[in-house]
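Next comes structure.csv, with CSV, C-alpha atoms.
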chain,number,residue,atom,x,y,z
A,12,MET,CA,88.9,113.9,79.0
A,13,MET,CA,92.0,113.7,81.2
A,14,GLN,CA,93.9,117.0,81.1
A,15,ARG,CA,96.4,117.3,83.9
A,16,ILE,CA,98.4,114.4,85.5
A,17,ALA,CA,101.0,114.2,88.2
A,18,LEU,CA,103.3,111.2,88.2
A,19,PHE,CA,105.2,109.9,91.3
A,20,ASN,CA,108.2,107.5,90.9
A,21,ILE,CA,111.4,106.3,92.5
A,22,GLU,CA,113.9,106.2,89.7
A,23,CYS,CA,115.5,102.7,89.2
A,24,TYR,CA,116.2,100.0,86.7
A,25,SER,CA,112.9,98.1,87.5
A,26,SER,CA,110.6,100.9,86.5
A,27,SER,CA,112.3,103.7,84.6
A,28,GLU,CA,111.9,102.2,81.1
A,29,ALA,CA,108.2,102.0,81.8
A,30,ILE,CA,108.1,105.5,83.3
A,31,ILE,CA,109.9,107.1,80.4
A,32,SER,CA,107.6,105.4,77.9
A,33,PHE,CA,104.6,106.7,79.8
A,34,ILE,CA,106.0,110.2,79.9
A,35,GLU,CA,106.7,110.2,76.2
A,36,GLU,CA,103.2,108.9,75.4
A,37,HIS,CA,101.3,111.3,77.7
A,38,ASN,CA,103.7,114.3,77.8
A,39,ASP,CA,100.9,116.7,76.8
A,40,LYS,CA,98.9,115.7,79.9
A,41,ILE,CA,101.7,115.4,82.5
A,42,ALA,CA,102.0,118.6,84.5
A,43,ILE,CA,104.6,117.5,87.1
A,44,VAL,CA,106.8,114.5,87.8
A,45,VAL,CA,107.9,113.8,91.4
A,46,THR,CA,110.7,111.4,92.1
A,47,THR,CA,112.1,110.3,95.4
A,48,GLY,CA,115.2,111.8,96.8
A,49,SER,CA,117.5,110.1,99.4
A,50,LYS,CA,115.7,109.5,102.7
A,51,HIS,CA,117.1,106.3,104.1
A,52,GLY,CA,120.4,107.6,105.5
A,53,ASN,CA,123.8,107.3,103.9
A,54,LEU,CA,124.8,104.6,101.5
A,55,LEU,CA,126.9,102.6,104.0
A,56,GLN,CA,124.1,102.6,106.5
A,57,GLN,CA,121.7,101.3,103.9
A,58,ILE,CA,124.1,98.5,102.8
A,59,ILE,CA,124.6,97.4,106.4
A,60,THR,CA,120.9,97.4,107.2
A,61,ASN,CA,120.0,95.4,104.1
A,62,TYR,CA,122.8,93.0,104.6
A,63,ARG,CA,121.8,92.2,108.1
A,64,ARG,CA,118.2,91.8,107.2
A,65,SER,CA,118.3,90.2,103.8
A,66,GLY,CA,121.8,89.0,103.0
A,67,PHE,CA,124.5,89.8,100.5
A,68,ASP,CA,122.7,88.7,97.4
A,69,PHE,CA,119.8,91.0,98.1
A,70,VAL,CA,122.3,93.9,98.6
A,71,ILE,CA,123.6,93.1,95.1
A,72,TYR,CA,120.1,93.2,93.7
A,73,LEU,CA,119.5,96.6,95.2
A,74,THR,CA,122.8,97.8,94.0
A,75,TYR,CA,122.0,96.9,90.4
A,76,ASN,CA,118.5,98.3,90.7
A,77,PHE,CA,119.3,101.7,92.3
A,78,ILE,CA,123.0,102.4,91.6
A,79,PHE,CA,124.2,100.4,88.6
A,80,TYR,CA,121.1,101.6,86.8
A,81,PHE,CA,122.7,105.1,86.5
A,82,LEU,CA,125.9,103.4,85.2
A,83,LEU,CA,123.8,101.8,82.6
A,84,ILE,CA,122.6,105.2,81.5
A,85,TYR,CA,126.1,106.4,81.2
A,86,LEU,CA,127.2,103.3,79.2
A,87,SER,CA,124.2,103.7,76.9
A,88,GLN,CA,125.2,107.3,76.3
A,89,LEU,CA,128.8,106.2,75.6
A,90,ALA,CA,127.8,103.4,73.3
A,91,SER,CA,125.6,105.7,71.3
A,92,SER,CA,128.4,108.2,70.9
A,93,ILE,CA,130.8,105.5,69.7
A,94,THR,CA,128.5,103.5,67.4
A,95,GLY,CA,126.1,106.3,66.3
A,96,HIS,CA,123.1,104.1,67.2
A,97,LYS,CA,120.1,105.7,68.9
A,98,ARG,CA,120.6,106.1,72.6
A,99,LYS,CA,118.3,103.8,74.6
A,100,HIS,CA,118.5,104.9,78.3
A,101,PHE,CA,117.8,108.3,79.7
A,102,THR,CA,117.3,109.8,83.2
A,103,ILE,CA,113.8,110.9,84.1
A,104,SER,CA,115.1,114.4,84.5
A,105,GLU,CA,116.4,114.4,80.9
A,106,ILE,CA,113.0,113.2,79.6
A,107,CYS,CA,111.1,115.9,81.6
A,108,HIS,CA,113.5,118.5,80.3
A,109,LYS,CA,112.9,117.3,76.7
A,110,TYR,CA,109.1,117.8,77.1
A,111,GLN,CA,109.4,120.9,79.4
A,112,ILE,CA,107.6,119.0,82.2
A,113,HIS,CA,108.2,120.3,85.8
A,114,HIS,CA,110.3,117.7,87.7
A,115,VAL,CA,110.7,117.7,91.4
A,116,GLU,CA,112.9,115.4,93.6
A,117,THR,CA,111.8,115.1,97.2
A,118,SER,CA,112.4,112.9,100.3
A,119,ASN,CA,109.1,114.1,101.8
A,120,ILE,CA,106.2,113.8,99.4
A,121,ASN,CA,103.9,115.2,102.1
A,122,GLY,CA,105.9,118.3,102.7
A,123,GLN,CA,104.0,121.6,102.4
A,124,ASP,CA,106.2,122.8,99.5
A,125,ILE,CA,105.2,119.7,97.4
A,126,ILE,CA,101.6,120.1,98.4
A,127,ALA,CA,101.6,123.7,97.2
A,128,GLU,CA,103.2,122.7,93.9
A,129,LEU,CA,100.6,119.9,93.3
A,130,LYS,CA,97.7,122.3,94.1
A,131,GLN,CA,99.1,124.9,91.8
A,132,ALA,CA,99.3,122.2,89.0
A,133,ASN,CA,95.4,122.0,88.9
A,134,LEU,CA,95.5,118.2,88.6
A,135,ASP,CA,92.8,115.8,87.4
A,136,LEU,CA,94.7,112.7,88.4
A,137,ILE,CA,97.8,111.6,90.4
A,138,VAL,CA,99.5,108.4,89.1
A,139,ILE,CA,101.8,106.5,91.4
A,140,TYR,CA,104.1,104.1,89.6
A,141,PHE,CA,106.8,102.3,91.6
A,142,PHE,CA,107.0,104.8,94.5
A,143,ASP,CA,108.4,104.3,98.0
A,144,GLN,CA,106.5,107.0,100.0
A,145,ILE,CA,103.1,106.9,101.6
A,146,ILE,CA,100.9,109.8,100.6
A,147,LYS,CA,98.6,111.4,103.1
A,148,LYS,CA,95.1,112.9,103.1
A,149,GLN,CA,96.2,116.4,101.9
A,150,ILE,CA,97.6,115.0,98.7
A,151,ILE,CA,94.9,112.4,98.1
A,152,GLN,CA,92.3,115.2,98.1
A,153,ILE,CA,94.2,117.3,95.5
A,154,PRO,CA,93.2,115.8,92.1
A,155,LYS,CA,89.7,116.3,90.8
A,156,LYS,CA,89.3,112.7,89.7
A,157,ALA,CA,91.4,110.3,91.7
A,158,VAL,CA,94.8,109.0,92.9
A,159,ILE,CA,95.7,105.7,91.3
A,160,ASN,CA,98.6,103.3,91.9
A,161,VAL,CA,100.2,100.9,89.5
A,162,HIS,CA,101.3,97.8,91.5
A,163,ALA,CA,103.4,95.0,90.0
A,164,ALA,CA,101.4,92.0,91.3
A,165,LEU,CA,97.9,90.5,91.1
A,166,LEU,CA,96.3,92.2,94.1
A,167,PRO,CA,95.1,91.3,96.7
A,168,GLU,CA,98.1,89.0,96.6
A,169,CYS,CA,101.6,90.4,97.2
A,170,LYS,CA,100.7,93.8,98.6
A,171,GLY,CA,103.7,95.9,99.9
A,172,LEU,CA,107.3,95.9,98.8
A,173,PHE,CA,109.1,93.9,96.1
A,174,PRO,CA,105.8,92.4,94.6
A,175,VAL,CA,107.6,90.7,91.7
A,176,LEU,CA,110.0,88.9,94.0
A,177,TYR,CA,107.2,87.7,96.2
A,178,SER,CA,105.0,86.7,93.2
A,179,ALA,CA,107.9,84.4,92.2
A,180,PHE,CA,107.8,82.3,95.3
A,181,LYS,CA,104.7,83.2,97.4
A,182,ASN,CA,102.0,83.4,94.7
A,183,ASP,CA,102.7,80.3,92.6
A,184,ARG,CA,104.8,82.3,90.0
A,185,LYS,CA,101.8,84.3,89.0
A,186,PHE,CA,102.9,87.7,87.7
A,187,GLY,CA,100.9,90.7,86.7
A,188,ILE,CA,99.9,94.3,87.0
A,189,THR,CA,97.1,95.9,89.0
A,190,ILE,CA,95.9,99.5,88.8
A,191,HIS,CA,93.9,100.5,91.9
A,192,GLU,CA,92.6,103.5,93.6
A,193,ILE,CA,94.1,105.2,96.7
A,194,VAL,CA,91.7,106.7,99.1
A,195,ASP,CA,93.7,106.5,102.4
A,196,THR,CA,97.1,105.6,103.8
A,197,SER,CA,96.5,101.8,103.8
A,198,ILE,CA,98.9,100.0,101.5
A,199,ASP,CA,97.7,98.6,98.1
A,200,SER,CA,94.2,98.0,99.4
A,201,GLY,CA,92.0,100.3,97.2
A,202,ALA,CA,89.4,99.3,94.7
A,203,ILE,CA,90.8,97.8,91.5
A,204,LEU,CA,90.3,99.6,88.1
A,205,ALA,CA,92.1,97.1,85.9
A,206,GLN,CA,94.3,94.0,86.2
A,207,GLU,CA,96.3,92.0,83.8
A,208,LYS,CA,98.3,88.7,84.1
A,209,LEU,CA,101.7,88.3,82.6
A,210,GLU,CA,102.7,85.1,80.9
A,211,VAL,CA,106.4,84.4,81.2
A,212,ASP,CA,108.8,81.5,81.2
A,213,ASN,CA,109.6,82.3,84.8
A,214,THR,CA,113.0,80.8,85.4
A,215,ASP,CA,114.5,82.1,82.2
A,216,TYR,CA,114.9,85.6,83.7
A,217,SER,CA,116.4,87.0,86.9
A,218,ILE,CA,114.1,88.7,89.4
A,219,LEU,CA,115.5,92.1,88.3
A,220,THR,CA,114.7,91.5,84.7
A,221,LEU,CA,111.2,90.2,85.7
A,222,ASP,CA,110.8,93.5,87.6
A,223,LYS,CA,111.3,95.4,84.4
A,224,LEU,CA,109.2,93.1,82.3
A,225,VAL,CA,106.2,93.3,84.6
A,226,ASN,CA,106.5,97.1,85.0
A,227,ASN,CA,106.8,97.5,81.2
A,228,GLN,CA,103.6,95.6,80.8
A,229,GLY,CA,101.8,98.1,83.0
A,230,ILE,CA,102.2,100.9,80.5
A,231,GLY,CA,99.6,99.5,78.0
A,232,LEU,CA,97.1,98.9,80.8
A,233,LEU,CA,97.7,102.3,82.4
A,234,SER,CA,97.4,104.1,79.1
A,235,SER,CA,94.1,102.4,78.5
A,236,VAL,CA,92.9,103.5,81.9
A,237,ILE,CA,94.0,107.1,81.3
A,238,LYS,CA,92.3,107.2,77.9
A,239,ASN,CA,89.0,105.7,79.2
A,240,PHE,CA,89.2,106.8,82.8
A,241,ASP,CA,85.5,107.3,83.5
A,242,TYR,CA,84.7,103.8,82.2
A,243,TYR,CA,87.3,102.1,84.3
A,244,TYR,CA,86.6,104.2,87.4
A,245,LEU,CA,82.8,103.5,87.3
A,246,LYS,CA,83.5,99.7,87.0
A,247,ARG,CA,86.1,99.6,89.7
A,248,THR,CA,85.7,96.7,92.2
A,249,PRO,CA,86.7,96.5,95.9
A,250,GLN,CA,89.5,94.1,96.6
A,251,MET,CA,88.6,90.7,98.0
A,252,LEU,CA,89.3,90.1,101.6
A,253,GLY,CA,92.5,88.3,102.5
A,254,GLY,CA,95.4,88.3,100.1
A,255,SER,CA,99.0,88.8,101.4
A,256,TYR,CA,101.3,91.6,102.4
A,257,PHE,CA,105.2,91.5,102.4
A,258,SER,CA,107.9,93.9,103.4
A,259,PHE,CA,111.7,93.4,103.0
A,260,PRO,CA,112.7,89.8,102.5
A,261,THR,CA,114.6,87.8,105.1
A,262,LYS,CA,117.7,85.8,104.3
A,263,SER,CA,115.7,82.6,104.4
A,264,ASP,CA,113.2,84.2,101.8
A,265,ILE,CA,116.1,84.8,99.4
A,266,LYS,CA,117.4,81.2,99.8
A,267,ILE,CA,113.9,79.9,99.0
A,268,VAL,CA,113.7,82.0,95.8
A,269,GLN,CA,117.1,80.8,94.7
A,270,LYS,CA,116.3,77.1,95.5
A,271,GLN,CA,113.2,77.5,93.2
A,272,GLY,CA,115.6,78.4,90.3
A,273,PHE,CA,115.6,82.1,90.3
A,274,SER,CA,118.6,84.4,90.3
A,275,LEU,CA,118.2,87.9,91.7
A,276,VAL,CA,120.3,89.5,89.1
A,277,ASN,CA,122.1,88.4,85.9
A,278,PHE,CA,125.1,90.4,84.8
A,279,GLN,CA,124.7,89.4,81.1
A,280,GLU,CA,121.1,90.4,81.0
A,281,PHE,CA,121.8,93.7,82.6
A,282,LEU,CA,124.8,94.6,80.4
A,283,SER,CA,123.1,93.4,77.2
A,284,ASP,CA,120.4,96.0,77.9
A,285,CYS,CA,123.0,98.7,76.9
A,286,PHE,CA,123.6,97.2,73.4
A,287,GLU,CA,120.3,95.8,72.2
As a first step, turn the structure in this file into structure tokens.
Amino acid sequence: MMQRIALFNIECYSSSEAIISFIEEHNDKIAIVVTTGSKHGNLLQQIITNYRRSGFDFVIYLTYNFIFYFLLIYLSQLASSITGHKRKHFTISEICHKYQIHHVETSNINGQDIIAELKQANLDLIVIYFFDQIIKKQIIQIPKKAVINVHAALLPECKGLFPVLYSAFKNDRKFGITIHEIVDTSIDSGAILAQEKLEVDNTDYSILTLDKLVNNQGIGLLSSVIKNFDYYYLKRTPQMLGGSYFSFPTKSDIKIVQKQGFSLVNFQEFLSDCFE
């Protein structure tokens, strides 16, 4: 039986609804939640870098995902106080506080202070779910059972960054979730424990909304793996050779996505999320 879990995440619109759902379902097993702190320079530097590499529309996508998301939480809180309806959006810190789960924010997951805290937590499993740091051997060796990663694509296709974006135009619009083992520092290459396709009317949603839909789908699959871990782990299968890997999109990548009928963000979709 799974007893002690660490959860790694970068807090954003794409994944936080899924992460909070997972924490609420498994709060009795989660010993520590680690989220990413700022490590990419100041905001202006990040905007300039992403604009030069990927263009204005992608900067807007990132802004919605990583900055406006926190505005969404505030608006959700405000709407709840005005209407009396149940509040929908919370920060991960708030949810951890609710269940008295230790929450750490770090820009260096492989720092000795983090390693010491993870060792002290007496972990059975580390779950990585939408995280932007590469863990090294010292952390991989900590849990008694395994380190697993939840990746928002059908591996071995669309390894790396922005898997939903690349699934939209590099993998024939095939979306899904993969849960795989991590045994070294290679990216999204470990043996697969479970995988599930997502059926969606692709062009009805923006990429940002698809991000959230795909990640939300991962919760049911992840919970099944957690509850029946030994079964899934014993039947895990190595990934097939080949596949694809992607990093940050180029400006031409973004143009291709848009020509295929996708928008990166949709303001109405985003705002309606406050008042559903």
Using all atoms listed in the file: which of A:Gln111, A:Ser274, A:Thr189, A:Gln144 has the shortest distance to A:Glu207: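 Closest residue, counting all atoms listed in the file: A:Thr189.
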Residue neighbourhood stretch 165-170 of chain A, 8 Å, all atoms listed in the file, exclusion window fewer than 3 positions, as a PyMOL selection string: chain A and resi 162+174+177-178+181-182+185-189+198-200+206-208+250-257
One-decimal distance in Å that lies between atom CA of A:Ile21 and atom CA of A:Thr47: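 Here the two named atoms are 5.0 Å from each other.
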Spatial neighbours of A:Tyr242, 12 Å, only C-alpha atoms, chain gap at least 4 places, as JSON, numbers by chain: {"A": [12, 204, 205, 235, 236, 237, 238, 246, 247]}
Residue neighbourhood A:Leu219, 8 Å, only C-alpha atoms, exclusion window fewer than 5 positions, as a ChimeraX atom specification: /A:25,72,76,275-277
Near-A:Ile120 list (10 Å; all atoms listed in the file; drop same-chain fewer than 6 positions) as a VMD selection string: chain A and resid 19 45 to 48 126 143 to 147 150
Protein, DNA and RNA residues within 9 Å of (122.7, 100.2, 83.6), all atoms listed in the file, as a list in words: Tyr24, Tyr75, Asn76, Ile78, Phe79, Tyr80, Phe81, Leu82, Leu83, Ile84, Tyr85, Leu86, Ser87, His100, Phe281, Leu282, Asp284 and Cys285 of chain A
Missing atoms of stretch 248-259 of chain A rebuilt to all heavy atoms, written as a PDB file, keeping the file's coordinate frame:
ATOM      1  N   THR A 248      86.222  97.715  91.243  1.00  0.00           N
ATOM      2  CA  THR A 248      85.700  96.700  92.200  1.00  0.00           C
ATOM      3  C   THR A 248      86.524  96.679  93.446  1.00  0.00           C
ATOM      4  O   THR A 248      87.761  96.695  93.363  1.00  0.00           O
ATOM      5  CB  THR A 248      85.600  95.339  91.563  1.00  0.00           C
ATOM      6  OG1 THR A 248      86.912  94.956  91.122  1.00  0.00           O
ATOM      7  CG2 THR A 248      84.658  95.329  90.371  1.00  0.00           C
ATOM      8  N   PRO A 249      85.894  96.602  94.612  1.00  0.00           N
ATOM      9  CA  PRO A 249      86.700  96.500  95.900  1.00  0.00           C
ATOM     10  C   PRO A 249      87.512  95.197  95.833  1.00  0.00           C
ATOM     11  O   PRO A 249      87.121  94.191  95.241  1.00  0.00           O
ATOM     12  CB  PRO A 249      85.587  96.389  96.936  1.00  0.00           C
ATOM     13  CG  PRO A 249      84.363  96.971  96.313  1.00  0.00           C
ATOM     14  CD  PRO A 249      84.444  96.637  94.857  1.00  0.00           C
ATOM     15  N   GLN A 250      88.664  95.253  96.472  1.00  0.00           N
ATOM     16  CA  GLN A 250      89.500  94.100  96.600  1.00  0.00           C
ATOM     17  C   GLN A 250      88.850  93.026  97.475  1.00  0.00           C
ATOM     18  O   GLN A 250      88.206  93.363  98.465  1.00  0.00           O
ATOM     19  CB  GLN A 250      90.888  94.414  97.101  1.00  0.00           C
ATOM     20  CG  GLN A 250      91.727  95.212  96.131  1.00  0.00           C
ATOM     21  CD  GLN A 250      93.167  95.328  96.597  1.00  0.00           C
ATOM     22  OE1 GLN A 250      93.774  94.354  97.042  1.00  0.00           O
ATOM     23  NE2 GLN A 250      93.738  96.516  96.471  1.00  0.00           N
ATOM     24  N   MET A 251      89.052  91.766  97.120  1.00  0.00           N
ATOM     25  CA  MET A 251      88.600  90.700  98.000  1.00  0.00           C
ATOM     26  C   MET A 251      89.316  90.690  99.299  1.00  0.00           C
ATOM     27  O   MET A 251      90.456  91.138  99.388  1.00  0.00           O
ATOM     28  CB  MET A 251      88.780  89.346  97.260  1.00  0.00           C
ATOM     29  CG  MET A 251      87.990  89.175  95.986  1.00  0.00           C
ATOM     30  SD  MET A 251      88.290  87.555  95.221  1.00  0.00           S
ATOM     31  CE  MET A 251      90.029  87.719  94.766  1.00  0.00           C
ATOM     32  N   LEU A 252      88.654  90.197 100.327  1.00  0.00           N
ATOM     33  CA  LEU A 252      89.300  90.100 101.600  1.00  0.00           C
ATOM     34  C   LEU A 252      90.432  89.072 101.570  1.00  0.00           C
ATOM     35  O   LEU A 252      90.441  88.167 100.734  1.00  0.00           O
ATOM     36  CB  LEU A 252      88.277  89.679 102.689  1.00  0.00           C
ATOM     37  CG  LEU A 252      87.148  90.677 102.959  1.00  0.00           C
ATOM     38  CD1 LEU A 252      86.170  90.087 103.968  1.00  0.00           C
ATOM     39  CD2 LEU A 252      87.710  92.007 103.459  1.00  0.00           C
ATOM     40  N   GLY A 253      91.374  89.237 102.457  1.00  0.00           N
ATOM     41  CA  GLY A 253      92.500  88.300 102.500  1.00  0.00           C
ATOM     42  C   GLY A 253      93.658  88.819 101.677  1.00  0.00           C
ATOM     43  O   GLY A 253      94.025  89.981 101.758  1.00  0.00           O
ATOM     44  N   GLY A 254      94.231  87.948 100.880  1.00  0.00           N
ATOM     45  CA  GLY A 254      95.400  88.300 100.100  1.00  0.00           C
ATOM     46  C   GLY A 254      96.650  88.204 101.018  1.00  0.00           C
ATOM     47  O   GLY A 254      96.657  87.519 102.049  1.00  0.00           O
ATOM     48  N   SER A 255      97.707  88.877 100.622  1.00  0.00           N
ATOM     49  CA  SER A 255      99.000  88.800 101.400  1.00  0.00           C
ATOM     50  C   SER A 255      99.706  90.105 101.300  1.00  0.00           C
ATOM     51  O   SER A 255      99.537  90.892 100.361  1.00  0.00           O
ATOM     52  CB  SER A 255      99.841  87.662 100.802  1.00  0.00           C
ATOM     53  OG  SER A 255     100.077  87.854  99.409  1.00  0.00           O
ATOM     54  N   TYR A 256     100.532  90.353 102.306  1.00  0.00           N
ATOM     55  CA  TYR A 256     101.300  91.600 102.400  1.00  0.00           C
ATOM     56  C   TYR A 256     102.766  91.174 102.759  1.00  0.00           C
ATOM     57  O   TYR A 256     102.970  90.344 103.656  1.00  0.00           O
ATOM     58  CB  TYR A 256     100.789  92.552 103.408  1.00  0.00           C
ATOM     59  CG  TYR A 256     101.745  93.700 103.684  1.00  0.00           C
ATOM     60  CD1 TYR A 256     101.754  94.826 102.870  1.00  0.00           C
ATOM     61  CD2 TYR A 256     102.653  93.632 104.735  1.00  0.00           C
ATOM     62  CE1 TYR A 256     102.640  95.866 103.097  1.00  0.00           C
ATOM     63  CE2 TYR A 256     103.550  94.657 104.977  1.00  0.00           C
ATOM     64  CZ  TYR A 256     103.534  95.772 104.162  1.00  0.00           C
ATOM     65  OH  TYR A 256     104.429  96.791 104.383  1.00  0.00           O
ATOM     66  N   PHE A 257     103.761  91.796 102.092  1.00  0.00           N
ATOM     67  CA  PHE A 257     105.200  91.500 102.400  1.00  0.00           C
ATOM     68  C   PHE A 257     105.974  92.792 102.452  1.00  0.00           C
ATOM     69  O   PHE A 257     105.678  93.764 101.768  1.00  0.00           O
ATOM     70  CB  PHE A 257     105.758  90.585 101.315  1.00  0.00           C
ATOM     71  CG  PHE A 257     105.016  89.292 101.147  1.00  0.00           C
ATOM     72  CD1 PHE A 257     104.154  89.108 100.079  1.00  0.00           C
ATOM     73  CD2 PHE A 257     105.162  88.269 102.063  1.00  0.00           C
ATOM     74  CE1 PHE A 257     103.453  87.926  99.918  1.00  0.00           C
ATOM     75  CE2 PHE A 257     104.468  87.081 101.928  1.00  0.00           C
ATOM     76  CZ  PHE A 257     103.608  86.904 100.846  1.00  0.00           C
ATOM     77  N   SER A 258     106.998  92.758 103.262  1.00  0.00           N
ATOM     78  CA  SER A 258     107.900  93.900 103.400  1.00  0.00           C
ATOM     79  C   SER A 258     109.288  93.435 102.841  1.00  0.00           C
ATOM     80  O   SER A 258     109.363  92.694 101.864  1.00  0.00           O
ATOM     81  CB  SER A 258     108.006  94.361 104.813  1.00  0.00           C
ATOM     82  OG  SER A 258     108.823  95.501 104.922  1.00  0.00           O
ATOM     83  N   PHE A 259     110.364  93.827 103.487  1.00  0.00           N
ATOM     84  CA  PHE A 259     111.700  93.400 103.000  1.00  0.00           C
ATOM     85  C   PHE A 259     111.868  91.898 103.265  1.00  0.00           C
ATOM     86  O   PHE A 259     111.444  91.361 104.292  1.00  0.00           O
ATOM     87  CB  PHE A 259     112.778  94.154 103.807  1.00  0.00           C
ATOM     88  CG  PHE A 259     113.026  95.534 103.284  1.00  0.00           C
ATOM     89  CD1 PHE A 259     112.295  96.611 103.755  1.00  0.00           C
ATOM     90  CD2 PHE A 259     113.977  95.758 102.297  1.00  0.00           C
ATOM     91  CE1 PHE A 259     112.519  97.893 103.274  1.00  0.00           C
ATOM     92  CE2 PHE A 259     114.213  97.034 101.808  1.00  0.00           C
ATOM     93  CZ  PHE A 259     113.480  98.104 102.291  1.00  0.00           C
TER      94      PHE A 259
END
